[in-house]
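So this block is coords_22.cif, mmCIF, C-alpha atoms and all ligand atoms:
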data_structure
#
loop_
_atom_site.label_atom_id
_atom_site.label_comp_id
_atom_site.auth_asym_id
_atom_site.auth_seq_id
_atom_site.Cartn_x
_atom_site.Cartn_y
_atom_site.Cartn_z
CA MET Y 1 26.15 10.45 -26.85
CA SER Y 2 24.71 9.33 -23.48
CA LEU Y 3 21.27 7.83 -22.95
CA VAL Y 4 18.83 9.54 -20.59
CA VAL Y 5 17.27 7.09 -18.12
CA ALA Y 6 13.60 8.04 -18.35
CA SER Y 7 12.41 6.17 -15.23
CA GLN Y 8 14.66 8.32 -13.02
CA SER Y 9 12.56 11.36 -13.78
CA GLU Y 10 9.17 9.69 -13.43
CA ARG Y 11 6.81 11.61 -11.16
CA TYR Y 12 3.93 10.24 -9.13
CA ARG Y 13 0.68 11.94 -8.10
CA VAL Y 14 -0.38 11.06 -4.57
CA GLY Y 15 -3.83 12.39 -3.63
CA TYR Y 16 -4.72 13.14 -0.02
CA ALA Y 17 -8.24 13.48 1.44
CA LEU Y 18 -8.11 14.76 5.00
CA GLU Y 19 -10.03 17.05 7.32
CA THR Y 20 -8.91 20.68 7.23
CA LYS Y 21 -7.24 20.46 10.63
CA LYS Y 22 -5.37 17.31 9.62
CA VAL Y 23 -4.17 19.03 6.43
CA ALA Y 24 -2.82 21.86 8.59
CA THR Y 25 -0.83 19.52 10.85
CA PHE Y 26 0.19 16.80 8.39
CA ILE Y 27 0.65 18.47 5.00
CA GLN Y 28 3.39 20.87 6.06
CA GLN Y 29 5.40 22.76 3.43
CA SER Y 30 8.49 20.80 4.50
CA LEU Y 31 6.72 17.53 3.58
CA ILE Y 32 5.44 18.91 0.27
CA ASP Y 33 8.98 20.05 -0.63
CA TYR Y 34 10.75 16.88 0.48
CA ALA Y 35 8.29 14.63 -1.34
CA ASN Y 36 8.47 16.87 -4.40
CA ASN Y 37 12.26 16.61 -4.50
CA HIS Y 38 11.86 12.84 -4.52
CA GLY Y 39 9.39 12.64 -7.41
CA ILE Y 40 6.12 12.75 -5.48
CA ASP Y 41 3.49 15.42 -6.05
CA LEU Y 42 1.05 15.66 -3.15
CA ILE Y 43 -2.34 16.67 -4.53
CA GLN Y 44 -5.18 17.84 -2.29
CA ILE Y 45 -8.45 16.05 -3.05
CA ASP Y 46 -11.81 17.78 -2.68
CA PRO Y 47 -13.87 14.98 -1.09
CA THR Y 48 -17.17 16.63 -2.04
CA LYS Y 49 -16.45 16.31 -5.77
CA PRO Y 50 -16.18 13.13 -7.86
CA LEU Y 51 -12.60 11.86 -7.94
CA LEU Y 52 -12.71 11.16 -11.67
CA GLN Y 53 -12.39 14.90 -12.30
CA GLN Y 54 -9.41 15.15 -9.96
CA GLY Y 55 -7.19 12.23 -10.99
CA PRO Y 56 -5.18 10.49 -12.17
CA PHE Y 57 -3.56 9.24 -8.96
CA ARG Y 58 -0.91 6.61 -8.47
CA CYS Y 59 -2.00 6.42 -4.85
CA ILE Y 60 -4.60 7.95 -2.50
CA ILE Y 61 -4.14 8.42 1.25
CA HIS Y 62 -7.14 9.38 3.34
CA LYS Y 63 -8.70 9.82 6.79
CA LEU Y 64 -12.31 10.86 6.19
CA TYR Y 65 -15.46 8.95 6.99
CA THR Y 66 -18.36 10.81 5.35
CA GLN Y 67 -20.68 8.70 3.21
CA GLN Y 68 -20.10 11.07 0.29
CA TRP Y 69 -16.33 10.47 0.43
CA ILE Y 70 -16.77 6.71 0.76
CA ASN Y 71 -19.01 6.73 -2.35
CA HIS Y 72 -16.56 8.82 -4.37
CA LEU Y 73 -13.64 6.61 -3.35
CA ASN Y 74 -15.49 3.37 -4.15
CA GLN Y 75 -16.63 4.66 -7.53
CA PHE Y 76 -13.13 5.84 -8.45
CA SER Y 77 -11.48 2.62 -7.26
CA SER Y 78 -13.76 0.41 -9.30
CA GLN Y 79 -12.99 2.42 -12.45
CA ASN Y 80 -9.27 2.86 -11.67
CA PRO Y 81 -8.10 -0.40 -10.11
CA SER Y 82 -4.44 0.54 -10.60
CA THR Y 83 -4.72 3.41 -8.11
CA ILE Y 84 -3.46 2.17 -4.74
CA VAL Y 85 -5.80 3.13 -1.90
CA ILE Y 86 -4.06 3.55 1.46
CA ASP Y 87 -5.96 2.04 3.18
CA PRO Y 88 -9.20 0.23 2.20
CA MET Y 89 -12.07 1.63 4.28
CA GLU Y 90 -13.38 -1.73 5.50
CA ARG Y 91 -10.00 -2.48 7.11
CA VAL Y 92 -9.70 0.98 8.65
CA SER Y 93 -13.08 0.55 10.32
CA ARG Y 94 -11.73 -2.33 12.41
CA LEU Y 95 -9.85 0.32 14.37
CA HIS Y 96 -13.07 2.21 15.08
CA ASN Y 97 -14.08 -0.22 17.79
CA ARG Y 98 -11.92 -0.69 20.88
CA VAL Y 99 -12.63 -4.42 20.98
CA SER Y 100 -11.97 -5.32 17.34
CA MET Y 101 -8.83 -3.15 17.27
CA LEU Y 102 -7.19 -5.26 19.98
CA GLU Y 103 -8.34 -8.64 18.61
CA ALA Y 104 -5.55 -8.38 16.05
CA VAL Y 105 -3.00 -8.33 18.90
CA THR Y 106 -4.33 -11.53 20.44
CA LYS Y 107 -3.99 -13.29 17.06
CA LEU Y 108 -0.32 -12.33 16.70
CA LYS Y 109 2.37 -14.92 17.09
CA ILE Y 110 5.30 -12.84 18.24
CA SER Y 111 8.38 -14.78 19.21
CA LEU Y 112 10.32 -12.70 21.68
CA GLN Y 113 13.32 -14.03 23.52
CA ASN Y 114 12.47 -12.30 26.72
CA GLY Y 115 9.03 -10.75 26.80
CA THR Y 116 5.33 -11.01 26.00
CA VAL Y 117 2.85 -8.77 24.23
CA GLU Y 118 -0.70 -8.94 25.53
CA VAL Y 119 -3.78 -6.77 25.90
CA PRO Y 120 -5.23 -5.77 29.29
CA LYS Y 121 -8.27 -7.66 30.50
CA GLN Y 122 -11.39 -5.88 29.28
CA VAL Y 123 -15.17 -6.22 29.04
CA VAL Y 124 -17.87 -4.30 27.17
CA LEU Y 125 -20.86 -2.85 29.03
CA ASN Y 126 -23.73 -2.12 26.66
CA GLU Y 127 -26.07 -0.64 29.24
CA SER Y 128 -26.15 0.08 32.93
CA LYS Y 129 -28.17 -3.04 33.74
CA ASP Y 130 -25.08 -5.05 32.80
CA PHE Y 131 -23.65 -4.30 36.22
CA ASN Y 132 -26.70 -3.34 38.32
CA GLU Y 133 -28.07 -6.82 38.83
CA GLY Y 134 -26.26 -9.03 41.27
CA GLU Y 135 -22.71 -8.90 42.41
CA GLU Y 136 -20.46 -10.01 39.58
CA VAL Y 137 -22.72 -9.74 36.54
CA GLY Y 138 -20.52 -9.40 33.47
CA LEU Y 139 -17.61 -8.07 35.48
CA ASP Y 140 -14.56 -10.18 35.99
CA LEU Y 141 -12.24 -7.24 36.47
CA LYS Y 142 -10.25 -5.74 39.29
CA PHE Y 143 -10.66 -2.02 40.04
CA PRO Y 144 -9.35 0.48 39.10
CA VAL Y 145 -10.45 0.24 35.48
CA ILE Y 146 -10.30 2.68 32.59
CA ALA Y 147 -13.65 3.31 30.92
CA LYS Y 148 -13.26 4.01 27.20
CA PRO Y 149 -16.10 4.66 24.74
CA LEU Y 150 -16.47 1.50 22.61
CA VAL Y 151 -16.44 3.57 19.44
CA ALA Y 152 -13.10 5.16 18.52
CA ASN Y 153 -13.86 7.00 15.30
CA GLY Y 154 -12.02 10.26 15.78
CA THR Y 155 -14.70 12.35 17.48
CA ALA Y 156 -13.79 14.32 20.63
CA THR Y 157 -16.14 12.18 22.77
CA CYS Y 158 -14.35 8.96 21.88
CA HIS Y 159 -11.26 10.32 23.67
CA GLU Y 160 -13.24 11.11 26.88
CA LEU Y 161 -11.96 8.46 29.22
CA PHE Y 162 -12.50 7.82 32.94
CA LEU Y 163 -10.49 6.18 35.66
CA VAL Y 164 -13.08 4.29 37.69
CA PHE Y 165 -12.27 3.17 41.23
CA ASP Y 166 -15.40 1.29 42.26
CA ARG Y 167 -18.84 0.04 41.19
CA GLU Y 168 -20.46 3.36 42.15
CA GLY Y 169 -18.28 5.10 39.57
CA LEU Y 170 -19.71 2.91 36.80
CA ARG Y 171 -23.17 4.45 37.23
CA GLU Y 172 -22.11 7.76 35.69
CA LEU Y 173 -20.75 6.30 32.45
CA SER Y 174 -22.28 6.56 28.98
CA PHE Y 175 -22.79 3.30 27.12
CA PRO Y 176 -21.59 1.29 25.28
CA VAL Y 177 -18.28 1.44 27.09
CA VAL Y 178 -15.19 -0.74 27.38
CA LEU Y 179 -13.85 -1.32 30.89
CA GLN Y 180 -10.17 -2.10 30.79
CA GLU Y 181 -8.06 -3.03 33.79
CA PHE Y 182 -5.68 -0.26 34.74
CA VAL Y 183 -2.08 -1.47 34.78
CA ASN Y 184 0.61 0.43 36.69
CA HIS Y 185 3.28 1.19 34.10
CA GLY Y 186 5.59 3.93 35.37
CA GLY Y 187 3.74 6.87 33.80
CA VAL Y 188 5.08 6.34 30.29
CA VAL Y 189 3.36 5.16 27.11
CA PHE Y 190 5.34 4.03 24.09
CA LYS Y 191 3.92 4.99 20.72
CA ILE Y 192 5.00 2.85 17.78
CA TYR Y 193 4.36 4.70 14.53
CA VAL Y 194 4.02 2.58 11.39
CA ALA Y 195 3.89 3.66 7.75
CA GLY Y 196 4.39 0.50 5.73
CA ASN Y 197 7.98 -0.60 6.32
CA GLN Y 198 8.80 2.59 8.20
CA VAL Y 199 8.66 2.15 11.98
CA ASP Y 200 9.52 4.56 14.79
CA CYS Y 201 8.94 4.32 18.53
CA VAL Y 202 8.73 7.32 20.89
CA LYS Y 203 7.81 7.70 24.55
CA ARG Y 204 5.14 9.99 25.90
CA LYS Y 205 3.60 11.02 29.19
CA SER Y 206 0.90 8.74 30.59
CA LEU Y 207 -1.22 8.30 33.72
CA THR Y 208 0.86 7.94 36.86
CA ASP Y 209 0.92 4.73 38.89
CA ILE Y 210 -1.69 4.24 41.60
CA PRO Y 211 -0.12 2.58 44.67
CA GLU Y 212 -2.30 0.09 46.61
CA GLU Y 213 -2.27 2.42 49.64
CA LYS Y 214 -3.59 5.38 47.65
CA LEU Y 215 -6.26 3.20 46.08
CA LYS Y 216 -7.99 2.81 49.44
CA THR Y 217 -8.61 6.56 49.54
CA LEU Y 218 -10.04 6.84 46.01
CA ASN Y 219 -13.64 6.37 44.96
CA GLY Y 220 -16.05 7.12 42.11
CA LEU Y 221 -14.47 8.14 38.84
CA VAL Y 222 -12.10 10.76 37.41
CA PRO Y 223 -12.31 11.98 33.79
CA PHE Y 224 -9.25 12.47 31.59
CA SER Y 225 -8.55 12.97 27.91
CA GLN Y 226 -5.55 12.72 25.54
CA ILE Y 227 -3.02 12.62 28.37
CA SER Y 228 -0.17 11.66 26.01
CA ASN Y 229 -0.55 14.97 24.18
CA LEU Y 230 0.03 16.99 27.37
CA ARG Y 231 3.39 18.56 28.02
CA ASN Y 232 4.90 17.76 31.43
CA GLU Y 233 3.99 21.06 33.04
CA GLU Y 234 0.35 20.78 31.93
CA GLY Y 235 -0.72 17.39 33.11
CA GLY Y 236 -0.86 15.68 36.47
CA ASP Y 237 2.07 15.11 38.75
CA GLY Y 238 3.80 12.52 36.60
CA GLY Y 239 6.52 13.53 34.22
CA GLY Y 240 10.02 12.21 33.96
CA GLU Y 241 9.87 10.03 30.85
CA ASP Y 242 13.59 10.86 30.47
CA GLY Y 243 15.80 7.98 31.46
CA ILE Y 244 13.04 5.43 30.90
CA GLU Y 245 14.31 2.49 28.89
CA MET Y 246 12.73 1.98 25.47
CA PRO Y 247 11.23 -1.40 24.53
CA PRO Y 248 13.63 -3.78 22.75
CA GLU Y 249 13.97 -3.01 19.04
CA SER Y 250 12.98 -6.57 18.15
CA LEU Y 251 9.67 -6.11 19.98
CA VAL Y 252 8.97 -2.84 18.19
CA THR Y 253 9.70 -4.21 14.73
CA GLU Y 254 7.95 -7.56 15.26
CA LEU Y 255 4.84 -5.93 16.67
CA ALA Y 256 4.72 -3.37 13.85
CA LYS Y 257 5.22 -6.00 11.15
CA GLY Y 258 2.79 -8.47 12.71
CA LEU Y 259 0.02 -5.93 13.14
CA ARG Y 260 0.52 -4.55 9.66
CA VAL Y 261 -0.13 -8.00 8.23
CA GLU Y 262 -2.91 -8.94 10.66
CA LEU Y 263 -4.78 -5.63 10.22
CA GLY Y 264 -3.96 -5.29 6.51
CA LEU Y 265 -3.16 -1.63 7.14
CA ASN Y 266 -0.20 0.62 6.39
CA LEU Y 267 -0.81 3.79 8.39
CA PHE Y 268 -1.32 3.44 12.14
CA ASN Y 269 0.28 3.75 15.53
CA VAL Y 270 0.15 1.48 18.55
CA ASP Y 271 0.08 2.62 22.19
CA VAL Y 272 2.03 0.20 24.35
CA ILE Y 273 2.69 0.17 28.11
CA ARG Y 274 5.13 -1.94 30.15
CA ASP Y 275 3.82 -3.59 33.31
CA GLY Y 276 5.48 -1.93 36.32
CA ASN Y 277 5.46 -5.25 38.18
CA ASP Y 278 6.88 -7.28 35.29
CA PRO Y 279 9.21 -5.43 32.91
CA THR Y 280 9.04 -8.25 30.36
CA ARG Y 281 5.25 -7.85 29.99
CA TYR Y 282 4.09 -5.35 27.37
CA LEU Y 283 0.44 -4.45 26.83
CA VAL Y 284 -1.15 -2.91 23.75
CA ILE Y 285 -3.86 -0.47 24.87
CA ASP Y 286 -4.77 1.46 21.72
CA ILE Y 287 -4.29 1.42 17.93
CA ASN Y 288 -5.00 4.58 15.92
CA TYR Y 289 -5.49 4.98 12.20
CA PHE Y 290 -3.35 7.66 10.45
CA PRO Y 291 -2.05 9.27 13.66
CA GLY Y 292 -0.12 12.51 14.14
CA TYR Y 293 3.07 11.59 12.22
CA ALA Y 294 4.21 15.22 12.14
CA LYS Y 295 5.21 14.84 15.81
CA LEU Y 296 8.04 12.53 14.73
CA THR Y 297 11.46 13.98 14.12
CA SER Y 298 12.12 13.84 10.35
CA TYR Y 299 8.54 12.84 9.57
CA GLU Y 300 9.12 14.15 6.04
CA THR Y 301 11.63 11.36 5.35
CA PHE Y 302 9.47 8.79 7.15
CA ILE Y 303 6.40 9.55 5.05
CA THR Y 304 8.22 10.11 1.75
CA ASN Y 305 10.12 6.81 2.06
CA PHE Y 306 6.81 5.07 2.67
CA LEU Y 307 5.16 6.73 -0.33
CA LEU Y 308 8.14 5.85 -2.55
CA ASP Y 309 7.83 2.19 -1.52
CA ILE Y 310 4.14 2.30 -2.42
CA VAL Y 311 4.37 4.09 -5.76
CA HIS Y 312 7.23 1.80 -6.85
CA SER Y 313 5.38 -1.34 -5.79
CA ASN Y 314 3.37 -3.56 -8.10
CA ALA Y 315 0.41 -3.56 -5.74
CA ALA Y 316 -2.78 -2.30 -7.30
O1 LIG Z 1 -3.83 15.33 16.09
P1 LIG Z 1 -2.69 14.58 16.66
O2 LIG Z 1 -1.39 14.88 15.98
O3 LIG Z 1 -2.61 14.67 18.15
O4 LIG Z 1 -2.92 13.02 16.30
C1 LIG Z 1 -3.89 12.26 16.99
C2 LIG Z 1 -3.26 11.02 17.59
O5 LIG Z 1 -2.22 11.38 18.43
P2 LIG Z 1 -0.83 10.60 18.45
O6 LIG Z 1 -0.16 10.75 17.12
O7 LIG Z 1 -1.13 9.15 18.75
O8 LIG Z 1 -0.12 11.30 19.54
C3 LIG Z 1 -4.34 10.27 18.37
O9 LIG Z 1 -3.79 9.17 19.07
P3 LIG Z 1 -4.41 8.80 20.55
O10 LIG Z 1 -5.78 8.25 20.28
O11 LIG Z 1 -4.41 10.08 21.34
O12 LIG Z 1 -3.48 7.76 21.11
C4 LIG Z 1 -5.38 9.78 17.37
O13 LIG Z 1 -4.78 9.00 16.38
C5 LIG Z 1 -6.02 11.00 16.72
O14 LIG Z 1 -6.91 10.57 15.75
P4 LIG Z 1 -8.43 10.25 16.10
O15 LIG Z 1 -8.94 11.42 16.90
O16 LIG Z 1 -8.42 8.98 16.91
O17 LIG Z 1 -9.02 10.07 14.75
C6 LIG Z 1 -4.98 11.87 16.02
O18 LIG Z 1 -5.68 13.04 15.62
P5 LIG Z 1 -5.85 13.56 14.13
O19 LIG Z 1 -4.63 14.37 13.85
O20 LIG Z 1 -5.92 12.38 13.20
O21 LIG Z 1 -7.10 14.34 14.15
N1 LIG Z 2 -5.14 -0.25 30.61
C1 LIG Z 2 -4.49 0.88 30.88
N2 LIG Z 2 -3.67 0.95 31.97
C2 LIG Z 2 -3.01 2.10 32.25
N3 LIG Z 2 -3.12 3.23 31.53
C3 LIG Z 2 -3.90 3.22 30.44
C4 LIG Z 2 -4.63 2.05 30.05
N4 LIG Z 2 -5.36 2.35 28.97
C5 LIG Z 2 -5.11 3.64 28.68
N5 LIG Z 2 -4.22 4.18 29.55
C6 LIG Z 2 -3.75 5.57 29.53
O1 LIG Z 2 -4.78 6.37 28.97
C7 LIG Z 2 -4.33 6.98 27.74
C8 LIG Z 2 -5.47 7.02 26.75
O2 LIG Z 2 -5.97 5.73 26.51
P1 LIG Z 2 -6.13 5.20 25.01
O3 LIG Z 2 -6.73 3.85 25.07
O4 LIG Z 2 -4.82 5.35 24.33
O5 LIG Z 2 -7.23 6.19 24.44
P2 LIG Z 2 -7.18 7.30 23.26
O6 LIG Z 2 -7.73 6.61 22.06
O7 LIG Z 2 -8.07 8.42 23.69
O8 LIG Z 2 -5.75 7.70 23.09
C9 LIG Z 2 -3.15 6.10 27.30
O9 LIG Z 2 -2.27 6.80 26.45
C10 LIG Z 2 -2.52 5.77 28.63
O10 LIG Z 2 -1.83 6.91 29.12
MG MG Z 3 -4.11 6.43 22.66
MG MG Z 4 -6.82 6.19 20.24
#
Target encoding structure tokens, full file:
Amino acid sequence: MSLVVASQSERYRVGYALETKKVATFIQQSLIDYANNHGIDLIQIDPTKPLLQQGPFRCIIHKLYTQQWINHLNQFSSQNPSTIVIDPMERVSRLHNRVSMLEAVTKLKISLQNGTVEVPKQVVLNESKDFNEGEEVGLDLKFPVIAKPLVANGTATCHELFLVFDREGLRELSFPVVLQEFVNHGGVVFKIYVAGNQVDCVKRKSLTDIPEEKLKTLNGLVPFSQISNLRNEEGGDGGGEDGIEMPPESLVTELAKGLRVELGLNLFNVDVIRDGNDPTRYLVIDINYFPGYAKLTSYETFITNFLLDIVHSNAA
């Protein structure tokens, strides 16, 4: 008579609390099925109702910032400390500010044989008087700059960016805003997706280079938004990410691992560009919480492997 190994058949409930549009893109039937075949039941959480009525959960994943949801999550967590929350809200909120998100990068000690990882030079303008008085007040940057809303909390406005070519262009901005030096980078942005130990790097379309000569003819500011989500035929005159060399694997894994520890987060992606004038210089320009994983090939495996690591871990 053979013994049945009970742990093999153990199932885990993973709750998800996401906006409706995120459920539509992320919780695809293929993910539900793949996870299900590997012992994970994905359970939709109603964030407007107390979680106690909806559990138990081995783990909760979430991307929602209403006060009601935060209250429900806090209450449930304090009564169910063994449920693993991916990720704690106070750590996620570090990514909701374009200054604090990049501070983690400057704290990293990445040892690369042939390369550096930095952030572009940037300053915060809280109001227009920060640059009206005098010549260089608060601005130690070279134009062009990219103006990005300081807050990056998932609203449409926080993705409304501007390329600004001169001081005049600054007058039309809304505040508070981050001014970040534009770096020519060959029109390609690398996106490093992280889900715990799972790491994947893809390349996407970006803003095209601005040659010095062309710069002399440009003034004011130009708006743009979510350029990396545009297909080649839709956006600008760039294109041609094919044939562009990917960053070294060691850089991708070290950066992912380092940021995961420094931020204390599991689910994020990092936008990285490579300086067109120095191919060993990489710059982190953006970090996003719980990004669009479904754009990855085999995202079902990527996410399920991550969830299996979590549910099998001792973390609580
Ligand atoms: O919707 P998607 O799939 O384009 O994903 C968005 C991300 O695109 P990416 O995976 O980096 O190409 C997007 O990344 P970017 O900021 O565009 O680099 C954000 O993470 C966005 O979330 P939020 O609006 O900042 O809360 C993500 O939006 P949500 O899906 O979380 O609403
Ligand atoms: N410092 C920079 N130099 C050159 N291009 C940049 C820089 N910062 C952003 N970009 C371009 O603008 C896009 C959007 O900027 P990002 O900071 O990623 O904002 P969002 O949060 O809206 O994605 C990037 O994907 C990249 O194409
Ligand atoms: Mg981005
Ligand atoms: Mg972003």
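All residues, whether protein, DNA or RNA, that have an atom at most 10 Å from ligand MG 3 (chain Z) (counting only C-alpha atoms and all ligand atoms) are Ala152, His159, Val189, Phe190, Lys191, Ser206, Ser225, Gln226, Ile227, Ser228, Asn229, Asn269, Val270, Asp271, Val272, Val284, Ile285, Asp286, Ile287, Asn288 and Pro291 of chain Y.
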File of the preceding selection, C-alpha atoms, as a PDB file, in the frame of the given file:
ATOM      1  CA  ALA Y 152     -13.100   5.160  18.520  1.00  0.00           C
ATOM      2  CA  HIS Y 159     -11.260  10.320  23.670  1.00  0.00           C
ATOM      3  CA  VAL Y 189       3.360   5.160  27.110  1.00  0.00           C
ATOM      4  CA  PHE Y 190       5.340   4.030  24.090  1.00  0.00           C
ATOM      5  CA  LYS Y 191       3.920   4.990  20.720  1.00  0.00           C
ATOM      6  CA  SER Y 206       0.900   8.740  30.590  1.00  0.00           C
ATOM      7  CA  SER Y 225      -8.550  12.970  27.910  1.00  0.00           C
ATOM      8  CA  GLN Y 226      -5.550  12.720  25.540  1.00  0.00           C
ATOM      9  CA  ILE Y 227      -3.020  12.620  28.370  1.00  0.00           C
ATOM     10  CA  SER Y 228      -0.170  11.660  26.010  1.00  0.00           C
ATOM     11  CA  ASN Y 229      -0.550  14.970  24.180  1.00  0.00           C
ATOM     12  CA  ASN Y 269       0.280   3.750  15.530  1.00  0.00           C
ATOM     13  CA  VAL Y 270       0.150   1.480  18.550  1.00  0.00           C
ATOM     14  CA  ASP Y 271       0.080   2.620  22.190  1.00  0.00           C
ATOM     15  CA  VAL Y 272       2.030   0.200  24.350  1.00  0.00           C
ATOM     16  CA  VAL Y 284      -1.150  -2.910  23.750  1.00  0.00           C
ATOM     17  CA  ILE Y 285      -3.860  -0.470  24.870  1.00  0.00           C
ATOM     18  CA  ASP Y 286      -4.770   1.460  21.720  1.00  0.00           C
ATOM     19  CA  ILE Y 287      -4.290   1.420  17.930  1.00  0.00           C
ATOM     20  CA  ASN Y 288      -5.000   4.580  15.920  1.00  0.00           C
ATOM     21  CA  PRO Y 291      -2.050   9.270  13.660  1.00  0.00           C
TER      22      PRO Y 291
END
Task: Who sits within 12 Å of Ile192 of chain Y, all atoms listed in the file, same chain under 4 positions skipped, as a ChimeraX atom specification - done: /Y:198-204,246-249,251-257,259-260,267-273,284-288,291-293,296
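Nearest-residue note for ligand LIG 1 (chain Z): choosing from Y:Lys148, Y:Lys295, Y:His312, Y:His185, the minimum distance belongs to Y:Lys295, counting all atoms listed in the file.
We find atom CA of Phe306 of chain Y and atom CA of Arg13 of chain Y to be spaced 14.2 Å apart.
What separates atom CA of Val178 of chain Y from atom CA of Asn126 of chain Y is a distance of 8.7 Å.
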Open item on the list: Quick one: residues within 10 Å of Glu262 of chain Y, all atoms listed in the file, excluding same-chain residues fewer than 6 positions away - as a ChimeraX atom specification?
Closed with: /Y:103-105,107-108,256
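We find atom CA of Thr155 of chain Y and atom CA of Val92 of chain Y to be spaced 15.2 Å apart.
Distance annotation: of Y:Glu213, Y:Thr280, Y:Val145, Y:Leu263, the residue with the minimal separation from Asp87 of chain Y is Y:Leu263; atom set is all atoms listed in the file.
Proximity of Y:Phe182, Y:Phe290, Y:Tyr282, Y:Phe224 to ligand LIG 2 (chain Z), computed with all atoms listed in the file, is greatest for Y:Phe182.
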Missing atoms in segment 180-196 of chain Y should be modelled up to N, CA and C atoms and reported as a short mmCIF file (atom, residue, chain, number, x, y, z; two decimals), in the frame of the given file.
data_model
loop_
_atom_site.label_atom_id
_atom_site.label_comp_id
_atom_site.auth_asym_id
_atom_site.auth_seq_id
_atom_site.Cartn_x
_atom_site.Cartn_y
_atom_site.Cartn_z
N GLN Y 180 -11.46 -1.44 30.96
CA GLN Y 180 -10.17 -2.10 30.79
C GLN Y 180 -9.38 -1.99 32.08
N GLU Y 181 -8.82 -3.07 32.53
CA GLU Y 181 -8.06 -3.03 33.79
C GLU Y 181 -6.90 -2.05 33.68
N PHE Y 182 -6.80 -1.20 34.70
CA PHE Y 182 -5.68 -0.26 34.74
C PHE Y 182 -4.44 -1.02 35.17
N VAL Y 183 -3.34 -0.79 34.45
CA VAL Y 183 -2.08 -1.47 34.78
C VAL Y 183 -1.04 -0.40 35.13
N ASN Y 184 -0.47 -0.50 36.34
CA ASN Y 184 0.61 0.43 36.69
C ASN Y 184 1.76 0.23 35.71
N HIS Y 185 2.28 1.34 35.17
CA HIS Y 185 3.28 1.19 34.10
C HIS Y 185 4.35 2.28 34.11
N GLY Y 186 4.51 2.95 35.25
CA GLY Y 186 5.59 3.93 35.37
C GLY Y 186 5.33 5.25 34.68
N GLY Y 187 4.08 5.54 34.32
CA GLY Y 187 3.74 6.87 33.80
C GLY Y 187 4.22 7.16 32.38
N VAL Y 188 4.58 6.11 31.66
CA VAL Y 188 5.08 6.34 30.29
C VAL Y 188 4.36 5.41 29.31
N VAL Y 189 3.94 5.99 28.19
CA VAL Y 189 3.36 5.16 27.11
C VAL Y 189 4.31 5.23 25.92
N PHE Y 190 4.53 4.08 25.30
CA PHE Y 190 5.34 4.03 24.09
C PHE Y 190 4.41 4.06 22.89
N LYS Y 191 4.74 4.91 21.94
CA LYS Y 191 3.92 4.99 20.72
C LYS Y 191 4.76 4.49 19.55
N ILE Y 192 4.29 3.41 18.93
CA ILE Y 192 5.00 2.85 17.78
C ILE Y 192 4.28 3.32 16.53
N TYR Y 193 4.95 4.17 15.76
CA TYR Y 193 4.36 4.70 14.53
C TYR Y 193 4.76 3.82 13.36
N VAL Y 194 3.78 3.45 12.54
CA VAL Y 194 4.02 2.58 11.39
C VAL Y 194 3.52 3.27 10.13
N ALA Y 195 4.34 3.26 9.09
CA ALA Y 195 3.89 3.66 7.75
C ALA Y 195 4.53 2.66 6.80
N GLY Y 196 3.82 1.59 6.53
CA GLY Y 196 4.39 0.50 5.73
C GLY Y 196 5.60 -0.08 6.44
#
